[in-house]
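Asker: Below you'll find start-v3.txt; it's compact mmCIF, C-alpha atoms.
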# COMPACT_ATOMS: atom_id res chain seq x y z
CA MET Z 23 -36.71 -17.59 14.52
CA ALA Z 24 -34.24 -14.77 14.77
CA LEU Z 25 -30.75 -14.89 13.37
CA ASN Z 26 -27.78 -15.79 15.51
CA ALA Z 27 -24.74 -13.52 15.18
CA ALA Z 28 -22.40 -16.49 15.48
CA ASP Z 29 -23.89 -18.04 12.33
CA LEU Z 30 -23.59 -14.91 10.19
CA ASN Z 31 -20.69 -14.03 7.92
CA VAL Z 32 -20.10 -10.94 5.81
CA GLY Z 33 -21.20 -11.82 2.29
CA ASP Z 34 -23.92 -14.29 3.33
CA THR Z 35 -27.00 -13.91 1.18
CA TYR Z 36 -30.70 -14.71 1.50
CA THR Z 37 -32.95 -14.60 -1.59
CA GLU Z 38 -36.70 -14.89 -2.16
CA THR Z 39 -38.93 -14.66 -5.18
CA LEU Z 40 -41.27 -11.77 -4.37
CA VAL Z 41 -43.75 -12.16 -7.21
CA GLU Z 42 -44.08 -13.88 -10.56
CA ASN Z 43 -46.09 -12.20 -13.30
CA LEU Z 44 -47.25 -9.24 -11.21
CA SER Z 45 -50.96 -8.67 -11.84
CA ARG Z 46 -52.76 -5.37 -12.17
CA THR Z 47 -55.17 -6.74 -9.59
CA GLN Z 48 -52.41 -7.02 -6.98
CA ILE Z 49 -51.58 -3.37 -7.66
CA VAL Z 50 -55.27 -2.54 -7.11
CA GLN Z 51 -55.14 -4.55 -3.86
CA TYR Z 52 -52.16 -2.48 -2.69
CA ALA Z 53 -53.94 0.77 -3.61
CA GLY Z 54 -56.93 -0.27 -1.51
CA ALA Z 55 -54.94 -1.36 1.53
CA SER Z 56 -52.47 1.54 1.54
CA GLY Z 57 -54.93 4.25 0.55
CA ASP Z 58 -52.72 5.47 -2.32
CA TYR Z 59 -55.18 5.72 -5.23
CA ASN Z 60 -52.85 7.54 -7.61
CA PRO Z 61 -54.38 6.65 -11.01
CA LEU Z 62 -50.86 6.04 -12.38
CA HIS Z 63 -51.08 2.64 -10.67
CA THR Z 64 -54.56 1.47 -11.60
CA ASP Z 65 -56.10 3.66 -14.31
CA GLU Z 66 -54.86 2.55 -17.73
CA ILE Z 67 -56.60 5.37 -19.65
CA TYR Z 68 -55.25 8.15 -17.42
CA THR Z 69 -51.77 6.64 -17.35
CA THR Z 70 -51.42 6.16 -21.12
CA LYS Z 71 -53.34 9.21 -22.38
CA VAL Z 72 -52.59 11.85 -19.74
CA ALA Z 73 -49.40 10.80 -17.95
CA GLY Z 74 -47.69 9.38 -21.05
CA TYR Z 75 -46.58 5.98 -19.74
CA PRO Z 76 -47.02 2.71 -21.71
CA THR Z 77 -49.27 1.20 -19.00
CA VAL Z 78 -49.96 1.42 -15.27
CA PHE Z 79 -47.07 0.58 -12.95
CA ALA Z 80 -46.69 -0.61 -9.37
CA HIS Z 81 -46.43 1.69 -6.37
CA GLY Z 82 -42.81 1.84 -5.27
CA MET Z 83 -44.20 1.02 -1.83
CA LEU Z 84 -45.64 -2.26 -3.14
CA THR Z 85 -42.13 -3.34 -4.13
CA MET Z 86 -40.81 -2.06 -0.79
CA GLY Z 87 -43.58 -3.95 1.03
CA MET Z 88 -42.87 -7.22 -0.77
CA THR Z 89 -39.13 -6.75 -0.21
CA GLY Z 90 -39.92 -6.18 3.47
CA ARG Z 91 -41.52 -9.63 3.53
CA MET Z 92 -38.22 -11.14 2.36
CA LEU Z 93 -36.47 -9.23 5.17
CA THR Z 94 -38.82 -10.27 7.98
CA ASN Z 95 -38.73 -13.87 6.75
CA TYR Z 96 -34.92 -13.67 7.04
CA VAL Z 97 -34.37 -11.69 10.25
CA GLY Z 98 -37.53 -12.73 12.14
CA ASP Z 99 -40.65 -10.93 13.33
CA GLY Z 100 -40.21 -7.66 15.19
CA ARG Z 101 -36.45 -7.59 14.62
CA LEU Z 102 -36.07 -4.81 12.04
CA MET Z 103 -34.56 -1.57 13.34
CA LYS Z 104 -34.06 0.28 10.06
CA TYR Z 105 -35.17 -0.29 6.50
CA GLY Z 106 -34.65 2.17 3.67
CA VAL Z 107 -34.69 2.03 -0.12
CA ARG Z 108 -34.31 3.93 -3.36
CA PHE Z 109 -36.67 3.08 -6.21
CA THR Z 110 -34.30 2.79 -9.16
CA ASN Z 111 -36.63 1.57 -11.91
CA GLN Z 112 -40.37 1.19 -12.34
CA VAL Z 113 -42.10 -2.18 -11.82
CA TRP Z 114 -44.69 -3.12 -14.44
CA PRO Z 115 -47.56 -5.62 -14.64
CA GLY Z 116 -46.11 -8.96 -15.76
CA ASP Z 117 -42.79 -8.40 -13.98
CA SER Z 118 -41.24 -11.11 -11.83
CA LEU Z 119 -39.11 -9.93 -8.93
CA ASN Z 120 -36.37 -11.51 -6.86
CA SER Z 121 -34.97 -9.91 -3.76
CA THR Z 122 -31.68 -10.53 -1.95
CA ALA Z 123 -30.31 -9.46 1.41
CA THR Z 124 -26.51 -9.55 1.76
CA VAL Z 125 -24.77 -9.38 5.14
CA GLU Z 126 -22.47 -6.35 5.26
CA ASP Z 127 -21.59 -6.28 8.94
CA VAL Z 128 -22.42 -8.04 12.20
CA ALA Z 129 -21.54 -6.28 15.45
CA ASP Z 130 -23.04 -5.51 18.87
CA GLY Z 131 -26.11 -7.63 18.27
CA VAL Z 132 -27.01 -5.91 15.00
CA VAL Z 133 -26.74 -7.20 11.44
CA LYS Z 134 -26.43 -4.67 8.62
CA LEU Z 135 -27.81 -5.82 5.30
CA ASN Z 136 -27.61 -4.61 1.75
CA VAL Z 137 -30.96 -5.11 0.04
CA GLN Z 138 -31.57 -5.40 -3.67
CA THR Z 139 -34.62 -6.35 -5.73
CA VAL Z 140 -34.26 -7.15 -9.43
CA ASN Z 141 -36.73 -7.89 -12.22
CA GLN Z 142 -36.73 -10.76 -14.73
CA ASP Z 143 -34.14 -8.91 -16.87
CA GLY Z 144 -31.77 -8.45 -13.94
CA THR Z 145 -32.54 -4.72 -13.77
CA VAL Z 146 -32.36 -3.39 -10.22
CA VAL Z 147 -35.75 -1.92 -9.29
CA LEU Z 148 -35.06 -1.30 -5.60
CA SER Z 149 -31.80 -0.78 -3.78
CA GLY Z 150 -31.41 -0.23 -0.07
CA TYR Z 151 -30.37 -1.35 3.37
CA ALA Z 152 -31.73 -2.79 6.57
CA GLU Z 153 -30.56 -3.28 10.13
CA ALA Z 154 -31.93 -5.91 12.48
CA ARG Z 155 -31.34 -7.20 15.98
CA VAL Z 156 -29.74 -10.63 16.11
CA ASP Z 157 -29.20 -13.04 19.00
CA MET D 7 -48.73 12.74 5.99
CA ALA D 8 -50.05 14.70 8.94
CA VAL D 9 -52.57 12.61 10.81
CA ASP D 10 -54.31 13.21 14.14
CA LYS D 11 -55.53 9.68 14.73
CA PHE D 12 -54.20 6.59 12.93
CA LEU D 13 -55.91 3.56 14.45
CA VAL D 14 -53.85 0.42 14.00
CA GLU D 15 -56.35 -2.41 13.55
CA ALA D 16 -55.98 -6.15 12.95
CA SER D 17 -58.28 -6.20 9.90
CA HIS D 18 -56.27 -3.43 8.24
CA ILE D 19 -53.03 -5.30 8.99
CA MET D 20 -54.57 -8.42 7.39
CA MET D 21 -55.56 -6.53 4.24
CA PHE D 22 -52.21 -4.79 4.05
CA ALA D 23 -50.30 -8.08 4.44
CA ARG D 24 -52.40 -9.63 1.66
CA SER D 25 -51.66 -6.67 -0.60
CA VAL D 26 -47.89 -7.20 -0.27
CA ALA D 27 -48.37 -10.97 -0.72
CA ASP D 28 -47.10 -11.76 2.78
CA ALA D 29 -48.59 -14.99 4.13
CA ASN D 30 -46.81 -14.83 7.52
CA PRO D 31 -49.50 -15.91 10.04
CA ILE D 32 -48.33 -13.26 12.54
CA TYR D 33 -50.35 -10.80 10.45
CA TYR D 34 -53.54 -12.90 10.37
CA ASP D 35 -53.86 -15.12 13.41
CA ALA D 36 -53.87 -13.67 16.94
CA ASP D 37 -53.51 -17.12 18.55
CA TYR D 38 -50.47 -17.96 16.45
CA ALA D 39 -49.05 -14.47 17.08
CA LYS D 40 -49.09 -15.14 20.85
CA THR D 41 -46.52 -17.90 20.28
CA THR D 42 -44.07 -15.59 18.46
CA GLU D 43 -41.34 -13.40 19.92
CA PRO D 44 -43.38 -10.15 19.62
CA GLY D 45 -46.25 -11.99 21.40
CA SER D 46 -49.04 -10.37 19.38
CA ILE D 47 -50.04 -9.46 15.87
CA VAL D 48 -47.64 -6.78 14.62
CA ALA D 49 -47.78 -4.62 11.51
CA PRO D 50 -45.62 -5.39 8.47
CA PRO D 51 -42.56 -3.11 8.11
CA THR D 52 -44.07 -0.68 5.60
CA PHE D 53 -47.55 -0.51 7.16
CA ALA D 54 -47.09 3.06 8.44
CA GLN D 55 -47.44 4.22 4.84
CA SER D 56 -51.14 3.37 5.06
CA SER D 57 -51.58 6.32 7.43
CA ALA D 58 -52.74 7.91 4.14
CA GLN D 59 -56.11 6.30 4.95
CA PHE D 60 -56.38 8.53 8.02
CA ASP D 61 -55.20 11.80 6.46
CA PRO D 62 -58.40 13.74 5.71
CA ASP D 63 -56.65 15.78 3.02
CA TYR D 64 -54.60 13.04 1.33
CA PHE D 65 -54.56 14.19 -2.29
CA LEU D 66 -54.22 10.71 -3.83
CA ARG D 67 -57.64 9.57 -2.57
CA PRO D 68 -60.87 10.62 -4.31
CA LYS D 69 -62.93 12.86 -2.02
CA ILE D 70 -66.66 12.34 -1.75
CA GLY D 71 -68.47 14.76 -4.04
CA GLU D 72 -65.33 16.24 -5.59
CA PRO D 73 -63.94 15.77 -9.11
CA TRP D 74 -61.05 13.30 -9.41
CA PHE D 75 -58.10 13.55 -11.78
CA GLY D 76 -58.33 9.91 -12.92
CA SER D 77 -60.39 8.89 -15.95
CA GLY D 78 -64.17 8.86 -16.23
CA LYS D 79 -65.87 10.02 -19.40
CA GLU D 80 -62.59 11.71 -20.30
CA PRO D 81 -59.03 10.49 -19.65
CA THR D 82 -58.81 12.93 -16.73
CA GLY D 83 -61.51 14.50 -14.58
CA VAL D 84 -59.44 17.54 -13.58
CA PRO D 85 -55.86 18.60 -14.26
CA PRO D 86 -53.54 17.02 -11.66
CA LYS D 87 -52.75 19.01 -8.55
CA SER D 88 -49.13 19.41 -7.66
CA GLY D 89 -48.13 17.16 -4.81
CA SER D 90 -45.65 17.43 -2.04
CA GLY D 91 -42.75 15.05 -1.75
CA GLY D 92 -42.83 12.10 0.50
CA GLY D 93 -46.08 10.26 0.01
CA SER D 94 -46.21 8.12 -3.03
CA GLY D 95 -45.14 10.79 -5.47
CA GLY D 96 -48.16 12.41 -6.99
CA GLY D 97 -50.10 12.97 -10.15
CA GLY D 98 -48.65 14.73 -13.15
CA GLY D 99 -45.06 13.53 -13.15
CA GLY D 100 -44.58 12.98 -9.40
CA LEU D 101 -42.95 9.71 -8.34
CA HIS D 102 -41.67 8.16 -5.15
CA ALA D 103 -37.87 8.18 -5.17
CA GLU D 104 -36.86 6.94 -1.71
CA GLN D 105 -38.40 5.74 1.52
CA HIS D 106 -36.69 5.13 4.86
CA PHE D 107 -38.10 3.79 8.11
CA GLU D 108 -36.56 3.74 11.55
CA TYR D 109 -38.44 1.48 13.98
CA HIS D 110 -38.31 2.47 17.63
CA ARG D 111 -40.86 -0.27 18.30
CA HIS D 112 -43.19 -2.32 16.12
CA LEU D 113 -46.85 -1.38 15.67
CA LYS D 114 -49.61 -3.62 16.99
CA PRO D 115 -53.41 -3.60 16.92
CA GLY D 116 -54.78 -1.16 19.45
CA ASP D 117 -52.10 1.45 18.89
CA VAL D 118 -53.43 4.92 18.21
CA LEU D 119 -50.81 6.93 16.36
CA SER D 120 -50.45 10.53 15.41
CA ALA D 121 -48.10 11.71 12.70
CA GLU D 122 -46.32 15.02 12.41
CA VAL D 123 -44.68 15.95 9.13
CA LYS D 124 -41.57 18.07 8.91
CA PRO D 125 -40.21 19.35 5.63
CA GLY D 126 -36.72 18.13 4.79
CA LYS D 127 -34.15 18.98 2.15
CA SER D 128 -34.93 19.66 -1.50
CA TRP D 129 -32.55 19.40 -4.43
CA GLU D 130 -32.40 19.11 -8.22
CA LYS D 131 -30.63 16.81 -10.61
CA GLU D 132 -30.44 16.45 -14.38
CA SER D 133 -31.25 13.03 -15.83
CA LYS D 134 -31.06 11.59 -19.35
CA ARG D 135 -34.28 9.59 -18.98
CA ALA D 136 -36.65 12.21 -17.54
CA GLY D 137 -35.06 15.69 -17.85
CA LYS D 138 -34.80 17.87 -14.76
CA LEU D 139 -35.58 16.02 -11.51
CA MET D 140 -36.86 17.98 -8.51
CA PHE D 141 -36.49 16.04 -5.27
CA SER D 142 -38.12 16.95 -1.97
CA GLU D 143 -37.88 15.17 1.35
CA THR D 144 -40.37 14.95 4.20
CA VAL D 145 -39.82 13.48 7.64
CA THR D 146 -42.85 11.98 9.39
CA GLU D 147 -42.72 11.19 13.09
CA TYR D 148 -45.27 8.66 14.29
CA ARG D 149 -46.06 8.76 18.00
CA ASP D 150 -48.22 6.36 19.97
CA GLN D 151 -51.02 6.91 22.49
CA ASN D 152 -48.39 7.59 25.17
CA GLY D 153 -46.59 10.20 23.10
CA GLU D 154 -43.66 7.84 22.49
CA LEU D 155 -41.90 8.03 19.13
CA VAL D 156 -42.51 4.67 17.40
CA ILE D 157 -41.51 5.18 13.75
CA THR D 158 -39.55 7.86 11.94
CA ALA D 159 -40.30 7.78 8.22
CA THR D 160 -38.37 9.79 5.65
CA GLY D 161 -39.81 9.97 2.16
CA VAL D 162 -38.33 11.53 -0.95
CA GLY D 163 -40.62 12.49 -3.80
CA VAL D 164 -39.41 13.45 -7.25
CA ARG D 165 -41.14 15.50 -9.90
CA THR D 166 -39.84 14.83 -13.37
CA GLU D 167 -39.76 17.25 -16.29
CA ARG D 168 -41.26 14.52 -18.53
CA PRO D 169 -42.33 10.88 -18.20
CA VAL D 170 -39.40 8.55 -17.56
CA ASP D 171 -38.09 7.06 -20.86
CA GLN D 172 -38.59 3.31 -21.09
Represent the structure contained in this file as structure tokens.
Answerer:
Amino acid sequence: MALNAADLNVGDTYTETLVENLSRTQIVQYAGASGDYNPLHTDEIYTTKVAGYPTVFAHGMLTMGMTGRMLTNYVGDGRLMKYGVRFTNQVWPGDSLNSTATVEDVADGVVKLNVQTVNQDGTVVLSGYAEARVD
Amino acid sequence: MAVDKFLVEASHIMMFARSVADANPIYYDADYAKTTEPGSIVAPPTFAQSSAQFDPDYFLRPKIGEPWFGSGKEPTGVPPKSGSGGGSGGGGGGLHAEQHFEYHRHLKPGDVLSAEVKPGKSWEKESKRAGKLMFSETVTEYRDQNGELVITATGVGVRTERPVDQ
């Protein structure tokens, strides 16, 4: 179910809810699967008493991974050519995230997308781009 | 992360897809995956990050028999080591600032990757919320069992002078 260049216009958007009420357990799940056991993400005592944060927070790569799901659902499996992001704000347990891809350009069989993920307050937590092959 | 042998396996892809809440059956069901354009199970776009599992020295994984900087009896087992940029930041003020992937082809079960890490740029910036920010970039090239470049990953880590103000 890839995209067709003829159907795409600059400014088109695609949005998905990535997560509602992010759980600490999902963060633990990501730590286990990715192998990143930084205690900042799963160890409340270390994070509050040693690192000085109010609670644990999500791996940036968890937000990038969930945002990647929005992208592959939009552009189709195996179609991504480039995907890059900046992590602009931390994501906390209890956050709800929405992610949007916006078409910036379509040419030579490639769509260029602006990618943005925001939390329940509208704060941008991830900002980036993607490129994908289209039919 | 420098890795000699990163085995891409279907069960790891399944667990990784679950962890990013991605229910797409191409990550779970080999029969379904045959009917898709890629024609097999593929890895989700950020899966290469889990090469950390195959890096014997990855500093954000507890090592068997060694003290760990997370909490036990005390809030920290050992003072945090300083980390390099790239990975997922680090202990003691290190955070992940940016991540970029370029896909030359998509990973599938059975691939055996190696990863070579090259240092990139480093720079500093002043911020209101966290004091001095020290950025460092690493470029990781993932090659497959045939020596072909499959993914180029560029990570930027940032060490902050103090925890980020909330």
Asker: So the first atom is CA of Thr144 (chain D) and the second is CA of Gly100 (chain D); what is the distance between them in Å, to one decimal place?
Answerer: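 Separating CA of Thr144 (chain D) from CA of Gly100 (chain D) is a distance of 14.4 Å.
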Asker: Mind giving me the straight-line distance from CA of Ser56 (chain Z) to CA of Arg155 (chain Z) in Å, one decimal?
Answerer: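 Calculated distance between CA of Ser56 (chain Z) and CA of Arg155 (chain Z) is 27.0 Å.
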Asker: Using all atoms listed in the file, I'd like every residue of chain Z that has an atom within 8 Å of chain D; please write them out as a ChimeraX atom specification.
Answerer: /Z:48-49,51-52,55-62,65,67-68,71-75,81-88,90-91,99-100,102-110
Asker: I want to know what sits within 7 Å of region 137-140 of chain Z, based on only C-alpha atoms, with residues of the same chain fewer than 5 positions away left out; could you give that as a tab-separated table (two decimals) with C-alpha atoms, keeping the file's coordinate frame?
Answerer:
chain	number	residue	atom	x	y	z
Z	119	LEU	CA	-39.11	-9.93	-8.93
Z	120	ASN	CA	-36.37	-11.51	-6.86
Z	121	SER	CA	-34.97	-9.91	-3.76
Z	122	THR	CA	-31.68	-10.53	-1.95
Z	123	ALA	CA	-30.31	-9.46	1.41
Z	124	THR	CA	-26.51	-9.55	1.76
Z	145	THR	CA	-32.54	-4.72	-13.77
Z	146	VAL	CA	-32.36	-3.39	-10.22
Z	147	VAL	CA	-35.75	-1.92	-9.29
Z	148	LEU	CA	-35.06	-1.30	-5.60
Z	149	SER	CA	-31.80	-0.78	-3.78
Z	150	GLY	CA	-31.41	-0.23	-0.07
Z	151	TYR	CA	-30.37	-1.35	3.37
Z	152	ALA	CA	-31.73	-2.79	6.57
Asker: Can you find the residues with an atom no farther than 10 Å from (-32.3, -13.3, 11.7), counting all atoms listed in the file, and report them as a PyMOL selection string?
Answerer: chain Z and resi 23-27+29-30+93-99+101-102+132-133+154-157
Asker: What is the distance between CA of Asn152 (chain D) and CA of Leu13 (chain D), in Å to one decimal?
Answerer: 13.7 Å
